[in-house]
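Peer 1: Sharing a structure below in structure tokens format, with a few things to ask.
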Amino acid sequence: MTGVSLRPSKADAPRYTPIAEHGMIGDMRTAALVGTNGTIDWYCCARFDAPSVFGALLDADRGGSFELAADVPARTKQFYFPDTNILITRFFADNGVGEVQDFMPIVDDSREADRHRLIRRVLCVRGSLPFIARVAPRFDYGRSVHTVSSQQGQTIFESPGLSLALSSSVPVEIDGPDACCSFTLDEGGAAVFALDRIGNGVAPRACPLTEAEELFGATVRYWRGWLSHSRYRGRWREMVHRSALTLKLLTYAPTGAIVAAPTTSLPEQIGGVRNWDYRYAWVRDAAFAIYALLRLGFTDEAKAFVRFLSQNICLTECSDGPLQIMYGIDGRSELPEEELLHLEGHQGSSPVRIGNDAVNQLQLDIYGALIDSLYLYDKWGEPLSSEHWDTIGKLVDWVCDNWDQPDEGIWETRGKTQNFLYSQLMCWVALERAMRIAAHRGLPADVIRWRSSRDAIYRRIMDRGWSTKRKAFVQHEGDDVLDASVLMMPLAKFISPTDPKWLSTLEALGEELVSDSLVYRYDPRSSPDGLRGEEGTFSICSFWYVEALSRAGRVDEARLAFEKMLTYGNHLGLYAEEIGRTGEQTGNFPQAFTHLALISAAFNLDRALG
């Protein structure tokens, strides 16, 4: 897939590149977003949750960026080198065609945390083309000052917390806090820029053209070798594989954690306040991601995630509950939320937040997501250890005691706690899947107690979660508000997808929350969530809707909704968290939740179509 845009003159260029006008590169330690104009305007070095070095996506003036583009008016197109996460931005001008190849080198499956490099190869493929580059880092979200110097042919950017070395095959000049250059390439000509983290024993190093070419080839082989293990052979191979490659990029290799998104504070509504930091490992999101990757045949990622759980968090000390809903990518539990008042936010959408206070919320659904992923790992990956089973038993016992507590729910509302149907549903999943593991493996379990609690949850949902007024299952007890999270009821095998009550619910959701295949989570006016403003449709819910339609036998509708949903992806097949009223992507980008739901919907739709 490719995207097309016309690069405006500098004077006419908009201050912000829209969220969807980006591709992502990474090395499973961190990621960078590259605009269709060739500018890197989001990059945290050297891990996902580190302070930004290039943050123009959140403040065009103070954030910092790495511009690299044709120095004449040019049309641009952007695509991924086939079956890889190497991004290519092409420039089409009157006198030539050039391209920038952006990637972070990966040569093996090393878990080393310190390995990190960003390479930008520039090529002229036809005619002759002038280029311009400006490297303008702004360390620590633009809060730290830095110095610039030339040392042995390299440009060194030094700040109190981080130092970077820029090597280039063309001469670079220092311009205040930045480094810049202009150069012309003739057909067949090439230039290379490499940005390395230095310090702590890591010395600056050059990146000759030949080395950049070798690293390019090695990185291509890595991504293609990884993708070759996919078992998916269905109708939407390109989209499913792009989603799989995206989920892999969102993995933090040193620990096996999976981030919800590589960005912070990209707004759910331009000018709104729903701006959150997603650079952490949500238990729910990571568990669902493992489910999607296991479906494709990627068992190593599941093993790494279970290792993350075992070594860092909830399969050890926290087994007497309640679990945190998220953790740092290194397993840390403290994620204090802070507002960066000096940054204006994407297109003026403030506040910009780092950290996430939702870490302290109670969200009971994560038990179901976690134990379901462990059930699938035991089924498709490798058998769970006796130690893991002991911990699962403690987690399930905690669920038996606490499933009927009010909580903040899957959508992390910042209003009052409620008895959310989805939370109770996923507690049912936790109990049901644990019982399956015990039965399948002949493992010791308090099955009588577990079954009693499981059945009590079922009866509670069927009694208090059903609204006779709406003829539908509703968001929470004591009200008649609809919520798209109930789409998980048949997907989790709680209810038959053709049960009359479910078909009635599906009809009600379609009438109230669906707009051209796009699905709203809920209506904030009917169900206040403690925040001002509106939001777009939630993309994971749109794919859940596809799956629910296909399971209900409405296959033609499901296929049409799926194909429509694909048109809302960006030029590379990437999705942010939400889609706005006119089809623009909003929220953090790209979002793991959306891509894992796309994979699941494609699988089930393929099966339904035969």
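We label chains A, B, ... in the order they appear in the structure tokens, count residues from 1 in each chain, and number ligands from 1 in the order shown.
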What parts of region 189-434 of chain A does DSSP call strand (DSSP E)? I'd like the answer as an MDAnalysis selection string.

Peer 2: chainID A and resid 190:198 251:252 257:258 281:282 326:327 338:339 353:354

Peer 1: Which residues come within 10 Å of Phe48 (chain A), counting only C-alpha atoms, excluding same-chain residues fewer than 4 positions away, as a list in words?

Peer 2: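 Contacts, in chain order: Gly26, Met28, Arg29, Thr30, Ala31, Ala32, Tyr43, Cys44, Ser52, Leu250, Thr251, Tyr252, Val259, Ala261, Pro262, Thr263, Tyr278, Arg279, Tyr280, Gly328 and Ile329 of chain A.
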
Peer 1: List every residue of region 468-561 of chain A that has an atom at most 12 Å from any atom of region 414-430 of chain A, and for each one report the closest atom pair and its distance in Å to one decimal, counting only C-alpha atoms, with rows sorted by chain and then by increasing residue number, as a Markdown table.

Peer 2:
| residue | atom | partner | partner_atom | distance |
| --- | --- | --- | --- | --- |
| A:Ala472 | CA | A:Leu421 | CA | 11.9 |
| A:Phe473 | CA | A:Leu421 | CA | 8.2 |
| A:Val474 | CA | A:Leu421 | CA | 7.1 |
| A:Gln475 | CA | A:Leu421 | CA | 5.7 |
| A:His476 | CA | A:Phe420 | CA | 4.1 |
| A:Glu477 | CA | A:Asn419 | CA | 5.7 |
| A:Gly478 | CA | A:Asn419 | CA | 8.6 |
| A:Asp479 | CA | A:Gln418 | CA | 10.2 |
| A:Asp480 | CA | A:Leu421 | CA | 11.7 |
| A:Val481 | CA | A:Phe420 | CA | 10.9 |
| A:Leu482 | CA | A:Leu421 | CA | 10.5 |
| A:Asp483 | CA | A:Tyr422 | CA | 9.1 |
| A:Ala484 | CA | A:Tyr422 | CA | 9.6 |
| A:Ser485 | CA | A:Tyr422 | CA | 6.2 |
| A:Val486 | CA | A:Tyr422 | CA | 6.2 |
| A:Leu487 | CA | A:Tyr422 | CA | 9.3 |
| A:Met488 | CA | A:Tyr422 | CA | 7.9 |
| A:Met489 | CA | A:Leu425 | CA | 7.2 |
| A:Pro490 | CA | A:Leu425 | CA | 10.5 |
| A:Leu491 | CA | A:Val429 | CA | 10.8 |
| A:Ala492 | CA | A:Val429 | CA | 7.0 |
| A:Lys493 | CA | A:Val429 | CA | 8.5 |
| A:Phe494 | CA | A:Leu425 | CA | 7.5 |
| A:Ile495 | CA | A:Leu425 | CA | 10.3 |
| A:Pro524 | CA | A:Gly415 | CA | 10.9 |
| A:Ser527 | CA | A:Gly415 | CA | 9.5 |
| A:Pro528 | CA | A:Gly415 | CA | 7.0 |
| A:Asp529 | CA | A:Gly415 | CA | 4.8 |
| A:Gly530 | CA | A:Gly415 | CA | 4.2 |
| A:Leu531 | CA | A:Arg414 | CA | 7.0 |
| A:Arg532 | CA | A:Arg414 | CA | 10.7 |

Peer 1: Just to be explicit: take each residue in the selection above, keep N, CA, C and O atoms, and write the result as a compact mmCIF listing (two decimals), in the first residue's frame.

Peer 2:
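So again.txt came out as:
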# COMPACT_ATOMS: atom_id res chain seq x y z
N ALA A 472 -31.75 -5.59 25.10
CA ALA A 472 -30.33 -5.72 24.83
C ALA A 472 -29.56 -5.85 26.14
O ALA A 472 -30.04 -5.45 27.21
N PHE A 473 -28.37 -6.44 26.04
CA PHE A 473 -27.45 -6.40 27.15
C PHE A 473 -26.83 -5.00 27.20
O PHE A 473 -26.54 -4.40 26.17
N VAL A 474 -26.64 -4.49 28.43
CA VAL A 474 -26.26 -3.09 28.59
C VAL A 474 -24.90 -2.95 29.28
O VAL A 474 -24.29 -3.92 29.70
N GLN A 475 -24.45 -1.69 29.38
CA GLN A 475 -23.10 -1.40 29.86
C GLN A 475 -22.87 -1.83 31.30
O GLN A 475 -21.86 -2.45 31.63
N HIS A 476 -23.79 -1.49 32.17
CA HIS A 476 -23.61 -1.81 33.58
C HIS A 476 -24.95 -1.94 34.26
O HIS A 476 -26.00 -1.53 33.72
N GLU A 477 -24.95 -2.51 35.43
CA GLU A 477 -26.18 -2.72 36.18
C GLU A 477 -26.81 -1.38 36.57
O GLU A 477 -26.10 -0.40 36.82
N GLY A 478 -28.12 -1.35 36.61
CA GLY A 478 -28.83 -0.18 37.10
C GLY A 478 -29.06 0.89 36.05
O GLY A 478 -29.46 2.01 36.40
N ASP A 479 -28.83 0.60 34.79
CA ASP A 479 -29.05 1.60 33.74
C ASP A 479 -29.34 0.88 32.43
O ASP A 479 -29.25 -0.35 32.34
N ASP A 480 -29.70 1.65 31.39
CA ASP A 480 -30.03 1.06 30.09
C ASP A 480 -29.09 1.54 29.00
O ASP A 480 -29.45 1.58 27.82
N VAL A 481 -27.87 1.91 29.36
CA VAL A 481 -26.90 2.43 28.40
C VAL A 481 -26.27 1.28 27.61
O VAL A 481 -25.88 0.26 28.18
N LEU A 482 -26.18 1.46 26.30
CA LEU A 482 -25.52 0.46 25.46
C LEU A 482 -24.01 0.69 25.44
O LEU A 482 -23.54 1.80 25.60
N ASP A 483 -23.27 -0.39 25.22
CA ASP A 483 -21.80 -0.33 25.22
C ASP A 483 -21.28 -1.38 24.26
O ASP A 483 -21.68 -2.54 24.31
N ALA A 484 -20.36 -0.98 23.39
CA ALA A 484 -19.84 -1.89 22.37
C ALA A 484 -19.02 -3.03 22.96
O ALA A 484 -18.77 -4.03 22.27
N SER A 485 -18.57 -2.91 24.21
CA SER A 485 -17.78 -3.99 24.80
C SER A 485 -18.58 -5.28 24.92
O SER A 485 -17.98 -6.37 24.98
N VAL A 486 -19.91 -5.19 24.94
CA VAL A 486 -20.70 -6.41 25.03
C VAL A 486 -20.58 -7.24 23.75
O VAL A 486 -20.99 -8.41 23.72
N LEU A 487 -20.00 -6.68 22.69
CA LEU A 487 -19.74 -7.46 21.48
C LEU A 487 -18.84 -8.66 21.77
O LEU A 487 -18.81 -9.62 20.99
N MET A 488 -18.11 -8.62 22.88
CA MET A 488 -17.24 -9.72 23.24
C MET A 488 -18.01 -10.92 23.79
O MET A 488 -17.43 -12.01 23.95
N MET A 489 -19.31 -10.79 24.07
CA MET A 489 -20.05 -11.89 24.69
C MET A 489 -20.02 -13.16 23.83
O MET A 489 -19.65 -14.23 24.32
N PRO A 490 -20.36 -13.10 22.55
CA PRO A 490 -20.25 -14.32 21.74
C PRO A 490 -18.80 -14.66 21.39
O PRO A 490 -18.46 -15.83 21.24
N LEU A 491 -17.95 -13.64 21.28
CA LEU A 491 -16.56 -13.89 20.94
C LEU A 491 -15.85 -14.66 22.05
O LEU A 491 -14.95 -15.46 21.79
N ALA A 492 -16.27 -14.40 23.29
CA ALA A 492 -15.69 -15.10 24.44
C ALA A 492 -16.40 -16.41 24.75
O ALA A 492 -16.07 -17.09 25.72
N LYS A 493 -17.41 -16.75 23.90
CA LYS A 493 -18.18 -18.00 24.04
C LYS A 493 -19.04 -18.01 25.31
O LYS A 493 -19.32 -19.08 25.86
N PHE A 494 -19.44 -16.83 25.74
CA PHE A 494 -20.36 -16.74 26.88
C PHE A 494 -21.78 -17.05 26.44
O PHE A 494 -22.56 -17.65 27.19
N ILE A 495 -22.13 -16.63 25.25
CA ILE A 495 -23.49 -16.79 24.73
C ILE A 495 -23.40 -17.23 23.28
O ILE A 495 -22.44 -16.88 22.57
N PRO A 524 -21.05 9.16 25.56
CA PRO A 524 -20.67 9.83 26.82
C PRO A 524 -21.79 10.69 27.39
O PRO A 524 -21.81 10.96 28.59
N SER A 527 -23.82 8.13 29.25
CA SER A 527 -23.02 7.47 30.29
C SER A 527 -21.80 8.33 30.58
O SER A 527 -20.71 8.09 30.04
N PRO A 528 -21.92 9.38 31.39
CA PRO A 528 -20.80 10.28 31.67
C PRO A 528 -19.57 9.52 32.17
O PRO A 528 -19.68 8.65 33.04
N ASP A 529 -18.39 9.87 31.61
CA ASP A 529 -17.18 9.14 31.97
C ASP A 529 -16.18 10.02 32.72
O ASP A 529 -15.01 9.65 32.87
N GLY A 530 -16.63 11.20 33.16
CA GLY A 530 -15.76 12.04 33.97
C GLY A 530 -14.84 12.94 33.17
O GLY A 530 -13.96 13.59 33.73
N LEU A 531 -15.03 13.01 31.84
CA LEU A 531 -14.15 13.81 30.98
C LEU A 531 -14.97 14.68 30.05
O LEU A 531 -16.06 14.30 29.62
N ARG A 532 -14.39 15.85 29.72
CA ARG A 532 -15.05 16.74 28.77
C ARG A 532 -14.82 16.26 27.34
O ARG A 532 -13.87 15.55 27.05

Peer 1: Neighbouring residues of His22 (chain A) were defined as those with any atom within 12 Å, considering only C-alpha atoms; residues of the same chain fewer than 2 positions away were excluded. Please report them as a PyMOL selection string.

Peer 2: chain A and resi 2-5+16-20+24-25+32-42+57+77-80+87-89+569-576+585+588-590

Peer 1: Quick one: residues within 10 Å of Asp59 (chain A), only C-alpha atoms, excluding same-chain residues fewer than 5 positions away - as number ranges by chain?

Peer 2: A: 15-16, 41, 54, 64, 141-142, 342-349, 352

Peer 1: With all heavy atoms retained, could you export that selection as a short mmCIF file (atom, residue, chain, number, x, y, z; two decimals), in the first residue's frame?

Peer 2:
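File out.cif, as written:
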data_model
loop_
_atom_site.label_atom_id
_atom_site.label_comp_id
_atom_site.auth_asym_id
_atom_site.auth_seq_id
_atom_site.Cartn_x
_atom_site.Cartn_y
_atom_site.Cartn_z
N ARG A 15 1.74 23.26 10.10
CA ARG A 15 2.64 23.08 11.24
C ARG A 15 2.66 21.63 11.71
O ARG A 15 3.67 21.16 12.23
CB ARG A 15 2.22 24.00 12.40
CG ARG A 15 2.42 25.48 12.11
CD ARG A 15 2.01 26.35 13.29
NE ARG A 15 2.92 26.18 14.43
CZ ARG A 15 2.52 25.81 15.63
NH1 ARG A 15 1.25 25.53 15.87
NH2 ARG A 15 3.39 25.70 16.62
N TYR A 16 1.56 20.92 11.54
CA TYR A 16 1.49 19.54 12.01
C TYR A 16 1.13 18.59 10.88
O TYR A 16 0.19 18.85 10.13
CB TYR A 16 0.44 19.41 13.13
CG TYR A 16 0.89 20.03 14.42
CD1 TYR A 16 0.56 21.35 14.73
CD2 TYR A 16 1.67 19.31 15.33
CE1 TYR A 16 1.00 21.93 15.92
CE2 TYR A 16 2.10 19.89 16.51
CZ TYR A 16 1.78 21.19 16.80
OH TYR A 16 2.21 21.76 17.97
N ASP A 41 9.10 13.04 13.29
CA ASP A 41 8.62 13.99 14.30
C ASP A 41 8.15 13.31 15.58
O ASP A 41 7.50 13.94 16.42
CB ASP A 41 7.57 14.94 13.73
CG ASP A 41 6.39 14.23 13.10
OD1 ASP A 41 6.22 13.02 13.36
OD2 ASP A 41 5.65 14.87 12.34
N PHE A 54 12.83 13.62 19.34
CA PHE A 54 12.06 14.32 18.31
C PHE A 54 10.59 14.24 18.72
O PHE A 54 10.02 13.16 18.77
CB PHE A 54 12.26 13.70 16.93
CG PHE A 54 13.70 13.63 16.48
CD1 PHE A 54 14.22 12.48 15.91
CD2 PHE A 54 14.54 14.73 16.63
CE1 PHE A 54 15.54 12.41 15.49
CE2 PHE A 54 15.86 14.68 16.22
CZ PHE A 54 16.37 13.52 15.66
N GLY A 64 11.18 19.29 18.42
CA GLY A 64 12.33 18.73 17.73
C GLY A 64 11.94 17.77 16.63
O GLY A 64 10.88 17.12 16.69
N TYR A 141 11.74 15.71 26.13
CA TYR A 141 10.49 16.38 25.76
C TYR A 141 10.68 17.88 25.58
O TYR A 141 9.78 18.67 25.82
CB TYR A 141 9.40 16.15 26.82
CG TYR A 141 9.14 14.71 27.15
CD1 TYR A 141 9.55 14.17 28.37
CD2 TYR A 141 8.46 13.87 26.27
CE1 TYR A 141 9.30 12.85 28.70
CE2 TYR A 141 8.21 12.54 26.59
CZ TYR A 141 8.63 12.03 27.81
OH TYR A 141 8.38 10.73 28.13
N GLY A 142 11.89 18.28 25.16
CA GLY A 142 12.16 19.70 24.96
C GLY A 142 12.49 20.45 26.22
O GLY A 142 12.54 21.69 26.21
N HIS A 342 4.68 22.90 29.02
CA HIS A 342 5.42 23.70 28.04
C HIS A 342 5.15 23.24 26.60
O HIS A 342 5.54 23.93 25.65
CB HIS A 342 6.92 23.64 28.32
CG HIS A 342 7.52 22.28 28.11
ND1 HIS A 342 7.28 21.23 28.97
CD2 HIS A 342 8.34 21.80 27.15
CE1 HIS A 342 7.93 20.15 28.54
NE2 HIS A 342 8.58 20.46 27.44
N LEU A 343 4.49 22.11 26.43
CA LEU A 343 4.16 21.61 25.08
C LEU A 343 2.71 21.92 24.77
O LEU A 343 1.82 21.71 25.61
CB LEU A 343 4.41 20.11 24.99
CG LEU A 343 5.86 19.64 25.20
CD1 LEU A 343 5.95 18.12 25.10
CD2 LEU A 343 6.80 20.28 24.18
N GLU A 344 2.45 22.37 23.54
CA GLU A 344 1.08 22.78 23.20
C GLU A 344 0.18 21.60 22.81
O GLU A 344 -1.04 21.75 22.77
CB GLU A 344 1.10 23.80 22.05
CG GLU A 344 1.45 23.24 20.69
CD GLU A 344 1.21 24.25 19.57
OE1 GLU A 344 0.93 25.42 19.88
OE2 GLU A 344 1.30 23.86 18.40
N GLY A 345 0.77 20.44 22.54
CA GLY A 345 -0.03 19.29 22.13
C GLY A 345 -0.27 19.27 20.64
O GLY A 345 -0.15 20.29 19.95
N HIS A 346 -0.59 18.09 20.12
CA HIS A 346 -0.81 17.92 18.69
C HIS A 346 -1.95 18.81 18.21
O HIS A 346 -3.07 18.72 18.71
CB HIS A 346 -1.14 16.45 18.38
CG HIS A 346 -1.36 16.17 16.93
ND1 HIS A 346 -0.34 16.13 16.02
CD2 HIS A 346 -2.49 15.94 16.23
CE1 HIS A 346 -0.83 15.87 14.81
NE2 HIS A 346 -2.13 15.75 14.92
N GLN A 347 -1.64 19.71 17.30
CA GLN A 347 -2.61 20.69 16.78
C GLN A 347 -3.30 21.44 17.92
O GLN A 347 -4.50 21.74 17.87
CB GLN A 347 -3.64 20.00 15.88
CG GLN A 347 -3.03 19.40 14.63
CD GLN A 347 -4.07 18.93 13.63
OE1 GLN A 347 -5.10 19.57 13.44
NE2 GLN A 347 -3.80 17.80 12.99
N GLY A 348 -2.52 21.74 18.97
CA GLY A 348 -3.06 22.52 20.08
C GLY A 348 -3.89 21.74 21.06
O GLY A 348 -4.62 22.33 21.86
N SER A 349 -3.78 20.42 21.03
CA SER A 349 -4.60 19.57 21.92
C SER A 349 -3.82 19.32 23.21
O SER A 349 -2.96 18.45 23.28
CB SER A 349 -4.94 18.25 21.23
OG SER A 349 -5.58 18.49 19.99
N VAL A 352 -0.53 17.64 27.37
CA VAL A 352 0.36 16.54 27.03
C VAL A 352 0.70 15.82 28.33
O VAL A 352 1.15 16.45 29.28
CB VAL A 352 1.63 17.04 26.33
CG1 VAL A 352 2.65 15.93 26.18
CG2 VAL A 352 1.29 17.64 24.96
#

Peer 1: Choose the residue, out of A:Arg274, A:Arg47, A:Pro336, A:Val555, that has the smallest atom-to-atom separation from Arg197 (chain A); count only C-alpha atoms.

Peer 2: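 Of all the options, A:Arg47 lies closest to Arg197 (chain A).
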
Peer 1: Tell me which protein, DNA and RNA residues are within 9 Å of Ser159 (chain A), counting only C-alpha atoms, leaving out same-chain ones fewer than 2 positions away, and put them as a PyMOL selection string.

Peer 2: chain A and resi 139-140+144-147+157+161-164

Peer 1: Any chance you can output those residues with C-alpha atoms as a PDB file, in the first residue's frame?

Peer 2:
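Okay, out-v3.pdb is ready:
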ATOM      1  CA  PHE A 139      16.007  16.290  24.583  1.00  0.00           C
ATOM      2  CA  ASP A 140      13.728  15.270  27.460  1.00  0.00           C
ATOM      3  CA  SER A 144      16.811  19.883  28.446  1.00  0.00           C
ATOM      4  CA  VAL A 145      19.372  22.116  26.774  1.00  0.00           C
ATOM      5  CA  HIS A 146      22.128  20.487  24.760  1.00  0.00           C
ATOM      6  CA  THR A 147      25.413  21.298  23.102  1.00  0.00           C
ATOM      7  CA  PHE A 157      24.591  16.264  20.514  1.00  0.00           C
ATOM      8  CA  GLY A 161      20.666  12.642  30.283  1.00  0.00           C
ATOM      9  CA  LEU A 162      21.455  11.496  26.751  1.00  0.00           C
ATOM     10  CA  SER A 163      24.029  11.986  24.003  1.00  0.00           C
ATOM     11  CA  LEU A 164      23.632  11.209  20.316  1.00  0.00           C
TER      12      LEU A 164
END

Peer 1: I need the residues in region 137-220 of chain A that are helix (DSSP H, G or I) according to DSSP; give them as a list of chain:residue names.

Peer 2: A:Phe139, A:Asp140, A:Tyr141, A:Gly142, A:Leu209, A:Thr210, A:Glu211, A:Ala212, A:Glu213, A:Glu214, A:Leu215, A:Phe216, A:Gly217, A:Ala218, A:Thr219, A:Val220

Peer 1: What lies within 7 Å of Trp544 (chain A) using only C-alpha atoms, ignoring chain neighbours under 4 positions off, as a PyMOL selection string?

Peer 2: chain A and resi 487+540+548+597+601

Peer 1: Calculated over only C-alpha atoms, which of the candidates A:Gly55, A:Pro254, A:Gly393, A:Pro130 has the smallest distance to Cys181 (chain A)?

Peer 2: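 Ranking A:Gly55, A:Pro254, A:Gly393, A:Pro130 by distance to Cys181 (chain A), first place goes to A:Pro130.
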
Peer 1: Nearest to Val283 (chain A) among A:Val519, A:Leu566, A:Ala552, A:Ile325, with distances taken over only C-alpha atoms: which residue is it?

Peer 2: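 With only C-alpha atoms as the atom set, the closest residue is A:Ile325.
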
Peer 1: In Å, how far is it from CA of Leu58 (chain A) to CA of Gly271 (chain A)?

Peer 2: 12.2 Å

Peer 1: Within 7 Å of Cys207 (chain A), counting only C-alpha atoms, which residues show up once you throw out same-chain ones fewer than 4 positions away? Write them as a PDB file with all heavy atoms, in the first residue's frame, please.

Peer 2:
ATOM      1  N   SER A 167      26.382  10.571  12.221  1.00  0.00           N
ATOM      2  CA  SER A 167      27.383  10.395  11.170  1.00  0.00           C
ATOM      3  C   SER A 167      26.670  10.511   9.839  1.00  0.00           C
ATOM      4  O   SER A 167      25.525  10.075   9.691  1.00  0.00           O
ATOM      5  CB  SER A 167      28.081   9.037  11.293  1.00  0.00           C
ATOM      6  OG  SER A 167      27.164   7.985  11.153  1.00  0.00           O
ATOM      7  N   ALA A 194      23.233   8.370   9.966  1.00  0.00           N
ATOM      8  CA  ALA A 194      23.021   7.402  11.047  1.00  0.00           C
ATOM      9  C   ALA A 194      23.066   8.135  12.381  1.00  0.00           C
ATOM     10  O   ALA A 194      23.950   8.960  12.619  1.00  0.00           O
ATOM     11  CB  ALA A 194      24.075   6.306  11.008  1.00  0.00           C
ATOM     12  N   GLU A 211      28.316  -0.199   4.821  1.00  0.00           N
ATOM     13  CA  GLU A 211      27.771  -0.766   6.055  1.00  0.00           C
ATOM     14  C   GLU A 211      26.260  -0.563   6.121  1.00  0.00           C
ATOM     15  O   GLU A 211      25.519  -1.464   6.542  1.00  0.00           O
ATOM     16  CB  GLU A 211      28.439  -0.130   7.272  1.00  0.00           C
ATOM     17  CG  GLU A 211      27.946  -0.720   8.592  1.00  0.00           C
ATOM     18  CD  GLU A 211      28.607  -0.102   9.813  1.00  0.00           C
ATOM     19  OE1 GLU A 211      29.596   0.642   9.640  1.00  0.00           O
ATOM     20  OE2 GLU A 211      28.143  -0.364  10.936  1.00  0.00           O
ATOM     21  N   ALA A 212      25.787   0.616   5.711  1.00  0.00           N
ATOM     22  CA  ALA A 212      24.345   0.880   5.708  1.00  0.00           C
ATOM     23  C   ALA A 212      23.633  -0.104   4.786  1.00  0.00           C
ATOM     24  O   ALA A 212      22.544  -0.605   5.102  1.00  0.00           O
ATOM     25  CB  ALA A 212      24.075   2.314   5.276  1.00  0.00           C
TER      26      ALA A 212
END

Peer 1: With distances taken over only C-alpha atoms, which of A:Asp390, A:Glu99, A:Asp83, A:Asp109 is nearest to Gly189 (chain A)?

Peer 2: A:Glu99
